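> Contents of run.txt (compact mmCIF, C-alpha atoms and all ligand atoms) are below:
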```
# COMPACT_ATOMS: atom_id res chain seq x y z
CA MET A 1 116.07 58.28 229.38
CA ARG A 2 115.91 58.96 225.63
CA ARG A 3 112.63 58.01 223.94
CA LYS A 4 113.32 55.41 221.28
CA ILE A 5 112.55 55.86 217.59
CA VAL A 6 111.82 53.29 214.88
CA VAL A 7 112.03 54.44 211.27
CA GLY A 8 110.76 52.41 208.33
CA ASN A 9 112.62 53.03 205.09
CA TRP A 10 110.53 51.66 202.24
CA LYS A 11 113.32 52.36 199.73
CA MET A 12 112.02 52.03 196.13
CA ASN A 13 109.15 49.73 197.01
CA GLY A 14 105.38 50.06 197.02
CA SER A 15 102.40 50.91 194.86
CA LEU A 16 99.20 52.79 195.56
CA ALA A 17 97.45 49.49 196.28
CA SER A 18 100.12 47.86 198.46
CA ASN A 19 100.78 51.11 200.36
CA GLU A 20 97.10 51.43 201.11
CA SER A 21 96.92 48.09 202.89
CA LEU A 22 100.24 48.65 204.68
CA LEU A 23 99.38 52.16 205.87
CA LYS A 24 95.85 51.20 206.92
CA ALA A 25 97.18 48.25 208.90
CA LEU A 26 99.84 50.37 210.61
CA ALA A 27 97.36 53.11 211.50
CA GLU A 28 95.08 50.46 213.02
CA LYS A 29 97.74 48.42 214.80
CA ILE A 30 99.94 51.11 216.37
CA PRO A 31 98.26 52.46 219.51
CA GLN A 32 98.07 56.24 220.01
CA THR A 33 99.79 55.84 223.36
CA ILE A 34 102.86 53.90 222.21
CA PRO A 35 105.87 55.44 223.98
CA VAL A 36 108.05 55.25 220.86
CA ASP A 37 108.53 57.70 217.97
CA ILE A 38 107.56 55.88 214.78
CA VAL A 39 108.32 57.13 211.29
CA VAL A 40 107.65 55.84 207.77
CA CYS A 41 109.90 57.16 204.96
CA ALA A 42 108.05 56.63 201.68
CA PRO A 43 109.12 57.30 198.08
CA TYR A 44 108.31 60.90 197.01
CA PRO A 45 105.24 60.11 194.86
CA TYR A 46 103.55 58.41 197.81
CA LEU A 47 104.04 61.16 200.39
CA PHE A 48 100.54 62.54 199.88
CA GLN A 49 99.05 59.06 200.24
CA THR A 50 101.18 58.42 203.33
CA GLN A 51 100.07 61.71 204.85
CA SER A 52 96.42 60.93 204.13
CA TYR A 53 96.51 57.59 205.95
CA LEU A 54 98.79 58.54 208.85
CA LYS A 55 97.72 62.07 209.72
CA ASN A 56 95.45 60.93 212.57
CA SER A 57 97.82 58.22 213.78
CA PRO A 58 100.82 58.49 216.13
CA ILE A 59 103.10 57.63 213.16
CA ARG A 60 105.05 60.44 211.46
CA TRP A 61 106.36 60.28 207.91
CA GLY A 62 109.31 61.50 205.92
CA ALA A 63 111.41 61.20 202.77
CA GLN A 64 114.48 59.23 201.78
CA ASN A 65 116.46 62.10 200.28
CA VAL A 66 116.20 65.82 199.49
CA ALA A 67 117.87 68.42 197.31
CA LYS A 68 120.67 70.52 198.71
CA PHE A 69 119.23 73.65 197.07
CA GLU A 70 116.09 75.57 198.06
CA SER A 71 114.58 75.83 194.56
CA GLY A 72 115.50 76.47 190.95
CA ALA A 73 116.70 74.72 187.83
CA PHE A 74 117.58 71.34 189.33
CA THR A 75 115.77 68.79 187.21
CA GLY A 76 114.55 65.77 189.13
CA GLU A 77 115.25 67.21 192.56
CA VAL A 78 112.79 67.72 195.44
CA SER A 79 113.22 70.56 197.95
CA VAL A 80 112.74 70.74 201.71
CA SER A 81 109.78 73.10 201.30
CA MET A 82 108.06 70.60 198.98
CA LEU A 83 108.49 67.86 201.57
CA LYS A 84 107.08 70.13 204.26
CA GLU A 85 103.98 70.79 202.17
CA PHE A 86 103.23 67.09 202.45
CA GLY A 87 103.73 67.11 206.21
CA ALA A 88 107.08 65.33 206.20
CA SER A 89 108.95 65.75 209.45
CA TYR A 90 111.98 63.48 208.88
CA VAL A 91 114.43 63.07 205.99
CA ILE A 92 116.99 60.28 205.59
CA ILE A 93 120.31 61.74 204.47
CA GLY A 94 123.37 59.96 203.08
CA HIS A 95 122.04 56.41 202.90
CA SER A 96 124.84 54.21 201.57
CA GLU A 97 122.60 53.03 198.72
CA ARG A 98 122.63 56.66 197.54
CA SER A 99 126.16 57.70 198.40
CA THR A 100 127.57 54.66 196.55
CA ALA A 101 125.26 54.58 193.52
CA TYR A 102 125.11 58.35 192.99
CA CYS A 103 128.58 59.25 194.28
CA GLU A 104 127.18 61.57 196.91
CA SER A 105 130.04 63.39 198.63
CA ASP A 106 130.32 64.02 202.38
CA GLU A 107 130.00 67.77 201.60
CA ASN A 108 126.69 67.23 199.76
CA ILE A 109 125.41 65.13 202.64
CA ALA A 110 126.46 67.82 205.13
CA THR A 111 124.64 70.54 203.15
CA LYS A 112 121.47 68.44 202.96
CA PHE A 113 121.67 67.75 206.70
CA MET A 114 121.81 71.49 207.37
CA MET A 115 118.95 72.25 204.92
CA VAL A 116 116.65 69.74 206.62
CA LYS A 117 117.48 71.08 210.07
CA LYS A 118 117.02 74.71 208.95
CA ALA A 119 113.60 73.80 207.52
CA GLY A 120 112.49 72.54 210.94
CA MET A 121 112.49 68.84 210.03
CA THR A 122 114.64 66.12 211.60
CA PRO A 123 117.53 64.77 209.53
CA ILE A 124 118.39 61.09 209.91
CA LEU A 125 122.06 60.88 208.96
CA CYS A 126 123.31 57.45 207.85
CA VAL A 127 126.90 56.50 208.63
CA GLY A 128 128.68 53.17 208.48
CA GLU A 129 131.61 51.18 207.19
CA THR A 130 131.97 48.55 204.48
CA LEU A 131 133.02 44.97 205.23
CA ILE A 132 136.56 45.62 203.99
CA GLU A 133 136.82 48.60 206.31
CA ARG A 134 135.56 46.57 209.28
CA GLU A 135 137.95 43.73 208.52
CA ALA A 136 140.76 46.26 208.36
CA GLY A 137 139.72 47.50 211.79
CA ILE A 138 139.19 51.07 210.60
CA MET A 139 135.40 51.29 211.13
CA GLU A 140 135.61 54.01 213.77
CA LYS A 141 137.94 56.06 211.61
CA VAL A 142 135.51 55.76 208.68
CA VAL A 143 132.44 56.78 210.72
CA SER A 144 134.40 59.56 212.38
CA LYS A 145 135.32 61.03 209.00
CA GLN A 146 131.67 60.91 207.86
CA LEU A 147 130.74 62.98 210.93
CA ASP A 148 133.74 65.33 210.71
CA THR A 149 132.62 66.91 207.44
CA ILE A 150 129.37 68.04 209.06
CA ILE A 151 131.14 69.18 212.22
CA GLU A 152 133.72 71.16 210.21
CA MET A 153 131.04 72.83 208.08
CA TYR A 154 128.38 73.55 210.73
CA GLY A 155 129.77 72.80 214.20
CA GLU A 156 128.90 70.02 216.59
CA GLU A 157 125.74 71.82 217.78
CA ILE A 158 124.00 71.03 214.49
CA PHE A 159 123.45 67.51 215.87
CA ASP A 160 121.03 68.87 218.51
CA GLU A 161 117.58 67.20 218.06
CA THR A 162 118.75 65.00 215.18
CA VAL A 163 119.10 61.28 214.49
CA ILE A 164 122.21 59.38 213.41
CA ALA A 165 121.65 55.92 211.97
CA TYR A 166 124.62 53.58 212.24
CA GLU A 167 124.21 51.31 209.24
CA PRO A 168 127.15 49.02 208.57
CA VAL A 169 127.03 48.54 204.79
CA TRP A 170 127.69 44.80 205.20
CA ALA A 171 124.54 44.39 207.28
CA ILE A 172 122.12 46.10 204.89
CA GLY A 173 119.87 43.70 203.04
CA THR A 174 122.05 40.72 203.93
CA ASN A 175 120.29 39.10 206.92
CA LEU A 176 123.61 39.51 208.71
CA ALA A 177 122.78 42.11 211.32
CA ALA A 178 125.53 43.49 213.51
CA SER A 179 125.60 41.83 216.90
CA PRO A 180 124.16 43.91 219.74
CA GLU A 181 127.72 44.29 221.06
CA GLN A 182 129.06 45.52 217.70
CA ALA A 183 126.21 48.02 217.43
CA GLN A 184 126.67 49.18 221.03
CA ALA A 185 130.42 49.71 220.54
CA MET A 186 129.91 51.96 217.52
CA HIS A 187 126.97 53.83 219.06
CA GLN A 188 129.02 54.51 222.18
CA PHE A 189 131.90 55.72 220.03
CA ILE A 190 129.60 58.13 218.15
CA ARG A 191 128.00 59.40 221.36
CA GLU A 192 131.37 59.99 222.97
CA LYS A 193 132.63 61.80 219.88
CA LEU A 194 129.71 64.23 220.11
CA SER A 195 129.74 64.55 223.88
CA SER A 196 131.21 68.03 224.28
CA ASN A 197 127.90 69.79 223.57
CA THR A 198 125.41 69.26 226.42
CA LYS A 199 122.32 69.92 224.26
CA VAL A 200 123.50 67.35 221.72
CA VAL A 201 124.21 64.79 224.43
CA LYS A 202 120.62 65.08 225.68
CA SER A 203 118.76 65.17 222.37
CA LEU A 204 120.77 63.18 219.80
CA LYS A 205 119.34 59.75 218.99
CA ILE A 206 121.59 57.07 217.56
CA ILE A 207 119.70 54.23 215.89
CA TYR A 208 120.89 51.01 214.29
CA GLY A 209 120.08 49.88 210.74
CA GLY A 210 120.95 46.69 208.85
CA SER A 211 118.78 43.55 208.78
CA VAL A 212 116.68 44.52 211.82
CA ASN A 213 113.79 42.07 212.15
CA PRO A 214 111.24 41.00 214.76
CA GLN A 215 113.65 38.36 216.06
CA ASN A 216 116.70 40.56 216.72
CA ALA A 217 115.09 43.97 217.45
CA LEU A 218 114.66 43.57 221.19
CA GLN A 219 118.27 42.51 221.80
CA LEU A 220 119.60 45.35 219.67
CA PHE A 221 117.31 47.97 221.24
CA SER A 222 118.23 46.79 224.73
CA MET A 223 121.79 48.05 224.37
CA PRO A 224 122.32 51.27 226.34
CA ASP A 225 123.37 53.45 223.39
CA VAL A 226 120.97 52.03 220.80
CA ASP A 227 117.99 54.39 220.64
CA GLY A 228 115.97 52.44 218.07
CA GLY A 229 116.25 51.25 214.50
CA LEU A 230 116.21 52.15 210.81
CA VAL A 231 114.33 49.28 209.22
CA GLY A 232 114.31 48.40 205.51
CA ARG A 233 112.67 45.16 204.38
CA ALA A 234 110.82 44.44 207.61
CA SER A 235 109.08 47.83 207.38
CA LEU A 236 107.18 46.59 204.31
CA ASN A 237 105.28 44.05 206.38
CA ALA A 238 102.77 45.57 208.83
CA SER A 239 103.03 42.77 211.43
CA ASP A 240 106.83 42.70 211.37
CA PHE A 241 107.09 46.49 211.61
CA GLU A 242 104.54 46.59 214.42
CA SER A 243 106.46 43.94 216.31
CA ILE A 244 109.74 45.88 215.88
CA CYS A 245 108.04 49.07 217.11
CA HIS A 246 106.82 47.26 220.23
CA SER A 247 110.36 45.95 220.82
CA ALA A 248 111.40 49.59 221.30
CA GLU A 249 109.00 50.00 224.25
CA ILE A 250 111.74 49.41 226.80
O1 LIG A 301 117.42 51.93 205.63
C1 LIG A 301 117.40 50.75 205.99
C2 LIG A 301 118.56 49.93 205.92
O2 LIG A 301 119.27 50.11 204.75
C3 LIG A 301 118.38 48.50 206.31
O3 LIG A 301 117.74 47.75 205.31
P1 LIG A 301 117.35 46.23 205.68
O4 LIG A 301 116.59 46.33 206.97
O5 LIG A 301 116.51 45.78 204.55
O6 LIG A 301 118.63 45.50 205.85
```
Can I see the file as structure tokens?
Ligand SMILES: O=C[C@H](O)COP(=O)(O)O

Amino acid sequence: MRRKIVVGNWKMNGSLASNESLLKALAEKIPQTIPVDIVVCAPYPYLFQTQSYLKNSPIRWGAQNVAKFESGAFTGEVSVSMLKEFGASYVIIGHSERSTAYCESDENIATKFMMVKKAGMTPILCVGETLIEREAGIMEKVVSKQLDTIIEMYGEEIFDETVIAYEPVWAIGTNLAASPEQAQAMHQFIREKLSSNTKVVKSLKIIYGGSVNPQNALQLFSMPDVDGGLVGRASLNASDFESICHSAEI
């Protein structure tokens, strides 16, 4: 059985003071023996602080984006090697809040995915459809296309030991989470699409994101193809995040 993973995405929230109490509480509350991979993705300026508080805990940390280049004249960008210097082991790639607001192309996302993998970190690739696309019944086509660019550029095997987060855009920040059945259907579709490579089948984790909270986490995580969650707002509250992490102990 695949070990579940819960990832907190702080987005553009936090301060030195509020992070301190959140990180301290998480480090205290989450037991070393929890049989779940737990990750906190902080804004870049707080990676050092995150590392300082979590380095002796079972919680790993990561970033919410990365540059597609290794180094050079790219003002405002942050490279994979910089993230590694702060102990990051996960990077969220292609979150819809970035691909929409900053017009990030599928090719850019694919290159970043490869860069993170090549650097020995785990990419968390976000895919998902808008409400209009779901209502039009083309959600699988949309998600399939998001995956195809990566497959065409780097082959299906690049998904070995990686994480895909299914995040329907309509469920993000809305308190309208997908139903467990809707999540399961898409997760199963993604898993079947990537089923020709045996290593990928064994190691790929597919997690759900979009209004996950302590009340709905257990039902969502109980679905056979849901390997955990990508949590936004509820990851900013230590008790809520702890509760969601424990819901993945199944
Ligand atoms: O990365 C996290 C997702 O965008 C979900 O955010 P949310 O839990 O606040 O809806």
> Got a sec to check which residues lie within 9 Å of ligand LIG 301 (chain A), using all atoms listed in the file, and send them as a VMD selection string?
chain A and resid 7 to 11 64 92 95 to 97 126 165 167 to 169 171 to 177 208 to 213 229 to 235
> Got a sec: who's within 10 Å of region 183-188 of chain A, counting only C-alpha atoms, leaving out chain neighbours fewer than 4 positions off, as a PyMOL selection string?
chain A and resi 128+139-140+143+164-168+177-179+192-194+205-209+220-227
> Mind giving me the straight-line distance from CA of Ile109 (chain A) to CA of Asn13 (chain A) in Å, one decimal?
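Interatomic distance here is 23.1 Å.
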> Using all atoms listed in the file, pick whichever of A:Asp37, A:Glu107, A:Glu77, A:Asp160 has the shortest atom-to-atom distance to Gln146 (chain A).
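Of the candidates, the smallest distance to Gln146 (chain A) is held by A:Glu107.
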> Find, counting all atoms listed in the file, the residue in A:Met12, A:Leu23, A:Met1, A:Ala88 that gets nearest to Asn237 (chain A).
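Result for the nearest residue to Asn237 (chain A): A:Leu23.
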> How many Å lie between CA of Val201 (chain A) and CA of Glu157 (chain A), rounded to one decimal?
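Separating CA of Val201 (chain A) from CA of Glu157 (chain A) is a distance of 9.8 Å.
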> When distances are computed from only C-alpha atoms, which of A:Ala73, A:Leu236, A:Val78, A:Ala27 shows the smallest separation from Ser57 (chain A)?
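Result for the nearest residue to Ser57 (chain A): A:Ala27.
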